[in-house]
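Everything below belongs to query-v5.pdb, which stores PDB, C-alpha atoms.
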```
ATOM      1  CA  MET A   1      -7.811  11.381  13.847  1.00  0.00           C
ATOM      2  CA  ALA A   2      -7.048   8.646  16.339  1.00  0.00           C
ATOM      3  CA  ARG A   3      -5.749   5.477  14.682  1.00  0.00           C
ATOM      4  CA  LYS A   4      -5.397   1.990  16.033  1.00  0.00           C
ATOM      5  CA  GLY A   5      -2.457  -0.216  15.168  1.00  0.00           C
ATOM      6  CA  VAL A   6      -1.907  -1.952  11.883  1.00  0.00           C
ATOM      7  CA  SER A   7      -4.451  -4.642  10.930  1.00  0.00           C
ATOM      8  CA  TYR A   8      -4.633  -7.179   8.103  1.00  0.00           C
ATOM      9  CA  VAL A   9      -7.015  -7.645   5.166  1.00  0.00           C
ATOM     10  CA  THR A  10      -7.479 -10.635   2.878  1.00  0.00           C
ATOM     11  CA  ALA A  11      -7.271 -10.538  -0.900  1.00  0.00           C
ATOM     12  CA  ALA A  12     -11.048 -11.037  -1.046  1.00  0.00           C
ATOM     13  CA  GLN A  13     -11.592  -8.025   1.227  1.00  0.00           C
ATOM     14  CA  LEU A  14      -9.206  -5.907  -0.821  1.00  0.00           C
ATOM     15  CA  VAL A  15     -11.092  -6.637  -4.043  1.00  0.00           C
ATOM     16  CA  SER A  16     -14.146  -4.783  -2.750  1.00  0.00           C
ATOM     17  CA  MET A  17     -12.118  -2.177  -0.848  1.00  0.00           C
ATOM     18  CA  ALA A  18     -10.092  -1.245  -3.938  1.00  0.00           C
ATOM     19  CA  ARG A  19     -13.235   0.090  -5.649  1.00  0.00           C
ATOM     20  CA  ASP A  20     -13.508   2.802  -2.993  1.00  0.00           C
ATOM     21  CA  PRO A  21     -11.691   6.019  -4.007  1.00  0.00           C
ATOM     22  CA  ARG A  22     -10.841   6.599  -0.338  1.00  0.00           C
ATOM     23  CA  VAL A  23      -8.545   3.532  -0.357  1.00  0.00           C
ATOM     24  CA  ALA A  24      -4.913   3.566  -1.514  1.00  0.00           C
ATOM     25  CA  ILE A  25      -2.787   0.462  -2.094  1.00  0.00           C
ATOM     26  CA  ILE A  26       0.908   0.926  -1.316  1.00  0.00           C
ATOM     27  CA  ASP A  27       3.330  -1.586  -2.863  1.00  0.00           C
ATOM     28  CA  VAL A  28       6.668  -1.556  -1.002  1.00  0.00           C
ATOM     29  CA  ARG A  29       8.418  -4.260  -3.017  1.00  0.00           C
ATOM     30  CA  ASP A  30      11.800  -3.250  -4.357  1.00  0.00           C
ATOM     31  CA  GLU A  31      13.136  -4.422  -7.721  1.00  0.00           C
ATOM     32  CA  GLU A  32      10.622  -7.244  -8.121  1.00  0.00           C
ATOM     33  CA  ARG A  33       7.858  -4.761  -8.952  1.00  0.00           C
ATOM     34  CA  ILE A  34       9.776  -3.793 -12.073  1.00  0.00           C
ATOM     35  CA  CYS A  35       9.961  -7.435 -13.192  1.00  0.00           C
ATOM     36  CA  ASP A  36       6.659  -8.681 -11.801  1.00  0.00           C
ATOM     37  CA  ALA A  37       3.158  -7.362 -12.156  1.00  0.00           C
ATOM     38  CA  HIS A  38       1.348  -5.304  -9.515  1.00  0.00           C
ATOM     39  CA  ILE A  39      -2.131  -4.693  -8.162  1.00  0.00           C
ATOM     40  CA  ALA A  40      -3.966  -2.282 -10.460  1.00  0.00           C
ATOM     41  CA  GLY A  41      -4.106   1.243  -9.096  1.00  0.00           C
ATOM     42  CA  SER A  42      -1.318   0.730  -6.572  1.00  0.00           C
ATOM     43  CA  HIS A  43       1.333   3.271  -5.652  1.00  0.00           C
ATOM     44  CA  HIS A  44       4.947   2.091  -5.560  1.00  0.00           C
ATOM     45  CA  TYR A  45       7.283   3.190  -2.767  1.00  0.00           C
ATOM     46  CA  ALA A  46      10.127   0.683  -2.447  1.00  0.00           C
ATOM     47  CA  SER A  47      10.967  -0.333   1.115  1.00  0.00           C
ATOM     48  CA  ASP A  48      14.581   0.546   0.367  1.00  0.00           C
ATOM     49  CA  GLY A  49      14.411   4.297   0.948  1.00  0.00           C
ATOM     50  CA  PHE A  50      10.819   4.272   2.233  1.00  0.00           C
ATOM     51  CA  ALA A  51      11.684   6.316   5.337  1.00  0.00           C
ATOM     52  CA  ASP A  52      13.091   9.138   3.211  1.00  0.00           C
ATOM     53  CA  ARG A  53       9.846   9.372   1.232  1.00  0.00           C
ATOM     54  CA  LEU A  54       7.332   9.571   4.109  1.00  0.00           C
ATOM     55  CA  PRO A  55       6.323  13.210   3.393  1.00  0.00           C
ATOM     56  CA  GLU A  56       5.879  12.375  -0.301  1.00  0.00           C
ATOM     57  CA  ILE A  57       3.734   9.343   0.560  1.00  0.00           C
ATOM     58  CA  ALA A  58       1.608  11.452   2.909  1.00  0.00           C
ATOM     59  CA  GLU A  59       1.035  13.953   0.106  1.00  0.00           C
ATOM     60  CA  ALA A  60       0.252  11.236  -2.478  1.00  0.00           C
ATOM     61  CA  THR A  61      -2.327   9.664  -0.155  1.00  0.00           C
ATOM     62  CA  ARG A  62      -3.903  12.933   1.010  1.00  0.00           C
ATOM     63  CA  GLY A  63      -7.667  12.470   1.357  1.00  0.00           C
ATOM     64  CA  LYS A  64      -7.445   8.682   1.590  1.00  0.00           C
ATOM     65  CA  GLU A  65      -9.029   7.050   4.634  1.00  0.00           C
ATOM     66  CA  THR A  66      -7.583   3.545   4.311  1.00  0.00           C
ATOM     67  CA  LEU A  67      -4.081   2.567   3.238  1.00  0.00           C
ATOM     68  CA  VAL A  68      -3.281  -1.047   2.357  1.00  0.00           C
ATOM     69  CA  PHE A  69       0.428  -1.902   2.367  1.00  0.00           C
ATOM     70  CA  HIS A  70       1.982  -4.999   0.845  1.00  0.00           C
ATOM     71  CA  CYS A  71       5.241  -6.495  -0.305  1.00  0.00           C
ATOM     72  CA  ALA A  72       5.808  -9.923  -1.868  1.00  0.00           C
ATOM     73  CA  LEU A  73       4.629 -11.937   1.154  1.00  0.00           C
ATOM     74  CA  SER A  74       3.625  -9.178   3.626  1.00  0.00           C
ATOM     75  CA  GLN A  75       5.734 -10.769   6.334  1.00  0.00           C
ATOM     76  CA  VAL A  76       8.470  -8.141   6.820  1.00  0.00           C
ATOM     77  CA  ARG A  77       8.615  -5.152   4.458  1.00  0.00           C
ATOM     78  CA  GLY A  78       4.858  -4.525   4.139  1.00  0.00           C
ATOM     79  CA  PRO A  79       4.131  -4.607   7.882  1.00  0.00           C
ATOM     80  CA  SER A  80       7.311  -2.665   8.718  1.00  0.00           C
ATOM     81  CA  CYS A  81       6.513   0.123   6.271  1.00  0.00           C
ATOM     82  CA  ALA A  82       2.884   0.226   7.448  1.00  0.00           C
ATOM     83  CA  ARG A  83       4.031   0.688  11.068  1.00  0.00           C
ATOM     84  CA  MET A  84       6.608   3.281  10.009  1.00  0.00           C
ATOM     85  CA  PHE A  85       3.936   5.284   8.186  1.00  0.00           C
ATOM     86  CA  LEU A  86       1.536   4.975  11.128  1.00  0.00           C
ATOM     87  CA  ASP A  87       4.261   6.364  13.416  1.00  0.00           C
ATOM     88  CA  TYR A  88       4.948   9.168  10.945  1.00  0.00           C
ATOM     89  CA  LEU A  89       1.276  10.187  10.855  1.00  0.00           C
ATOM     90  CA  SER A  90       1.057  10.027  14.654  1.00  0.00           C
ATOM     91  CA  GLU A  91       3.943  12.496  14.935  1.00  0.00           C
ATOM     92  CA  ALA A  92       2.913  14.739  12.020  1.00  0.00           C
ATOM     93  CA  LYS A  93       1.779  18.256  12.794  1.00  0.00           C
ATOM     94  CA  GLU A  94      -0.882  18.374  10.079  1.00  0.00           C
ATOM     95  CA  GLU A  95      -4.123  16.416  10.148  1.00  0.00           C
ATOM     96  CA  SER A  96      -4.572  13.381   7.947  1.00  0.00           C
ATOM     97  CA  ALA A  97      -7.782  11.752   6.698  1.00  0.00           C
ATOM     98  CA  VAL A  98      -6.236   8.293   7.241  1.00  0.00           C
ATOM     99  CA  LYS A  99      -8.343   6.276   9.660  1.00  0.00           C
ATOM    100  CA  SER A 100      -7.017   2.788   8.958  1.00  0.00           C
ATOM    101  CA  ILE A 101      -3.633   1.343   8.007  1.00  0.00           C
ATOM    102  CA  THR A 102      -3.722  -2.279   6.926  1.00  0.00           C
ATOM    103  CA  VAL A 103      -1.485  -4.948   5.402  1.00  0.00           C
ATOM    104  CA  LEU A 104      -2.532  -7.387   2.676  1.00  0.00           C
ATOM    105  CA  GLU A 105      -2.336 -10.940   4.022  1.00  0.00           C
ATOM    106  CA  ARG A 106       0.028 -13.132   1.964  1.00  0.00           C
ATOM    107  CA  GLY A 107       1.182 -10.052   0.020  1.00  0.00           C
ATOM    108  CA  PHE A 108       1.338  -9.715  -3.736  1.00  0.00           C
ATOM    109  CA  ASN A 109       2.329 -13.366  -4.198  1.00  0.00           C
ATOM    110  CA  GLY A 110      -0.812 -14.516  -2.383  1.00  0.00           C
ATOM    111  CA  TRP A 111      -2.905 -12.031  -4.360  1.00  0.00           C
ATOM    112  CA  GLU A 112      -1.605 -13.351  -7.666  1.00  0.00           C
ATOM    113  CA  LEU A 113      -1.756 -17.041  -6.638  1.00  0.00           C
ATOM    114  CA  SER A 114      -5.405 -16.604  -5.643  1.00  0.00           C
ATOM    115  CA  GLY A 115      -6.188 -15.661  -9.248  1.00  0.00           C
ATOM    116  CA  ARG A 116      -6.752 -11.941  -8.630  1.00  0.00           C
ATOM    117  CA  ALA A 117      -6.196  -9.560 -11.535  1.00  0.00           C
ATOM    118  CA  VAL A 118      -2.739  -8.051 -11.903  1.00  0.00           C
ATOM    119  CA  CYS A 119      -1.394  -5.196 -13.984  1.00  0.00           C
ATOM    120  CA  ARG A 120       1.829  -5.082 -15.972  1.00  0.00           C
ATOM    121  CA  CYS A 121       1.885  -1.403 -16.910  1.00  0.00           C
ATOM    122  CA  LYS A 122       4.912   0.758 -16.198  1.00  0.00           C
ATOM    123  CA  ASP A 123       2.918   3.800 -15.024  1.00  0.00           C
ATOM    124  CA  ALA A 124       3.850   5.347 -11.672  1.00  0.00           C
ATOM    125  CA  PRO A 125       1.464   5.432 -10.015  1.00  0.00           C
ATOM    126  CA  CYS A 126      -0.553   2.817 -11.838  1.00  0.00           C
ATOM    127  CA  LYS A 127      -3.733   4.369 -13.219  1.00  0.00           C
ATOM    128  CA  GLY A 128      -5.686   1.196 -12.413  1.00  0.00           C
ATOM    129  CA  VAL A 129      -7.119   0.635 -15.875  1.00  0.00           C
ATOM    130  CA  CYS A 130      -5.143  -2.518 -16.616  1.00  0.00           C
ATOM    131  CA  SER A 131      -5.872  -6.124 -15.695  1.00  0.00           C
TER     132      SER A 131
END
```

As structure tokens, how would this structure be written, given the file I've shared?
Amino acid sequence: MARKGVSYVTAAQLVSMARDPRVAIIDVRDEERICDAHIAGSHHYASDGFADRLPEIAEATRGKETLVFHCALSQVRGPSCARMFLDYLSEAKEESAVKSITVLERGFNGWELSGRAVCRCKDAPCKGVCS
């Protein structure tokens, strides 16, 4: 599947997107995810070591059409990991259902500051039933 570059989505857009089972949210924050909350249903793949886990991430997101990456602010780690994963999929030998790779504008901090629901569970990945 041909993919364009990485684009951005707002917190408001992600609220409706997150209801779609074909969407996966990828949190690339490092230690702060352990201390802070996270977006319900998100997968955690810390940016530190992200490159080593690309095959695992591809397997965990198999069948997903849209991936939304974020870190705390989505200024460095989120966009960098999104581009790295896009490059990985472009070079992969097997087909992927992924059509769109996006980054959450303002990251987790912006999500939380805008009053969006957060989860404090310790499940990996989060099962998305918390708020």

Report task. May I have the residues within 6 Å of range 116-124 of chain A as a PyMOL selection string, using all atoms listed in the file and disregarding those fewer than 3 positions away in the same chain? Result -> chain A and resi 37-40+111-112+130-131

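The residue that comes closest to Gln13 in chain A, out of A:Val68, A:Ala92, A:Met84, A:Ile26 and on the basis of all atoms listed in the file, is A:Val68.
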
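With distances taken over all atoms listed in the file, A:Leu86 is the one residue among A:Ala97, A:Val129, A:Leu86, A:Leu54 lying closest to Ser7 in chain A.
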
Query - d(CA of Ala72 in chain A, CA of Lys127 in chain A) in Å - result: 20.6 Å

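Distance-wise, CA of His43 in chain A and CA of Lys93 in chain A end up 23.8 Å apart.
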
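Taking CA of Ala46 in chain A and CA of Arg22 in chain A as endpoints, the distance between them is 21.9 Å.
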
**Report entry** Distance query Ile101 in chain A at most 8 Å, all atoms listed in the file, self and fewer than 2 positions along chain excluded, as a ChimeraX atom specification
**Finding:** /A:5-7,66-69,82,86,98-99,103

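Among the candidates A:Gly128, A:Ile25, A:Gln75, A:Gly110, the residue lying nearest to Ala11 in chain A is A:Gly110 (atoms considered: all atoms listed in the file).
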
Report task. Write out as a PyMOL selection string the residues lying within 10 Å of Ala51 in chain A, counting all atoms listed in the file and excluding same-chain residues fewer than 5 positions away. Result -> chain A and resi 45-46+57+81+84-85+88

Requested in this report: Enumerate, as a PyMOL selection string, the residues matched when the PyMOL selection byres ((chain A and resi 21) around 12) is run on the file above.
Outcome: chain A and resi 16-20+22-25+41-42+61-67+128

Report task. Tell me which protein, DNA and RNA residues are within 9 Å of Ser74 in chain A, counting all atoms listed in the file, leaving out same-chain ones fewer than 3 positions away, and put them as number ranges by chain. Result -> A: 69-71, 77-79, 103-109

Those same residues, written as a short mmCIF file (atom, residue, chain, number, x, y, z; two decimals), in the frame of the given file with C-alpha atoms?
```
data_model
loop_
_atom_site.label_atom_id
_atom_site.label_comp_id
_atom_site.auth_asym_id
_atom_site.auth_seq_id
_atom_site.Cartn_x
_atom_site.Cartn_y
_atom_site.Cartn_z
CA PHE A 69 0.43 -1.90 2.37
CA HIS A 70 1.98 -5.00 0.84
CA CYS A 71 5.24 -6.50 -0.30
CA ARG A 77 8.62 -5.15 4.46
CA GLY A 78 4.86 -4.53 4.14
CA PRO A 79 4.13 -4.61 7.88
CA VAL A 103 -1.48 -4.95 5.40
CA LEU A 104 -2.53 -7.39 2.68
CA GLU A 105 -2.34 -10.94 4.02
CA ARG A 106 0.03 -13.13 1.96
CA GLY A 107 1.18 -10.05 0.02
CA PHE A 108 1.34 -9.72 -3.74
CA ASN A 109 2.33 -13.37 -4.20
#
```

Could you work out an axis-aligned box for range 12-21 of chain A, taking every atom the file lists and adding 6 Å on each side, and report centre and edge lengths in Å to one decimal, as lines of an AutoDock Vina configuration file?
```
center_x = -11.7
center_y = -2.5
center_z = -2.2
size_x = 16.9
size_y = 29.1
size_z = 18.9
```
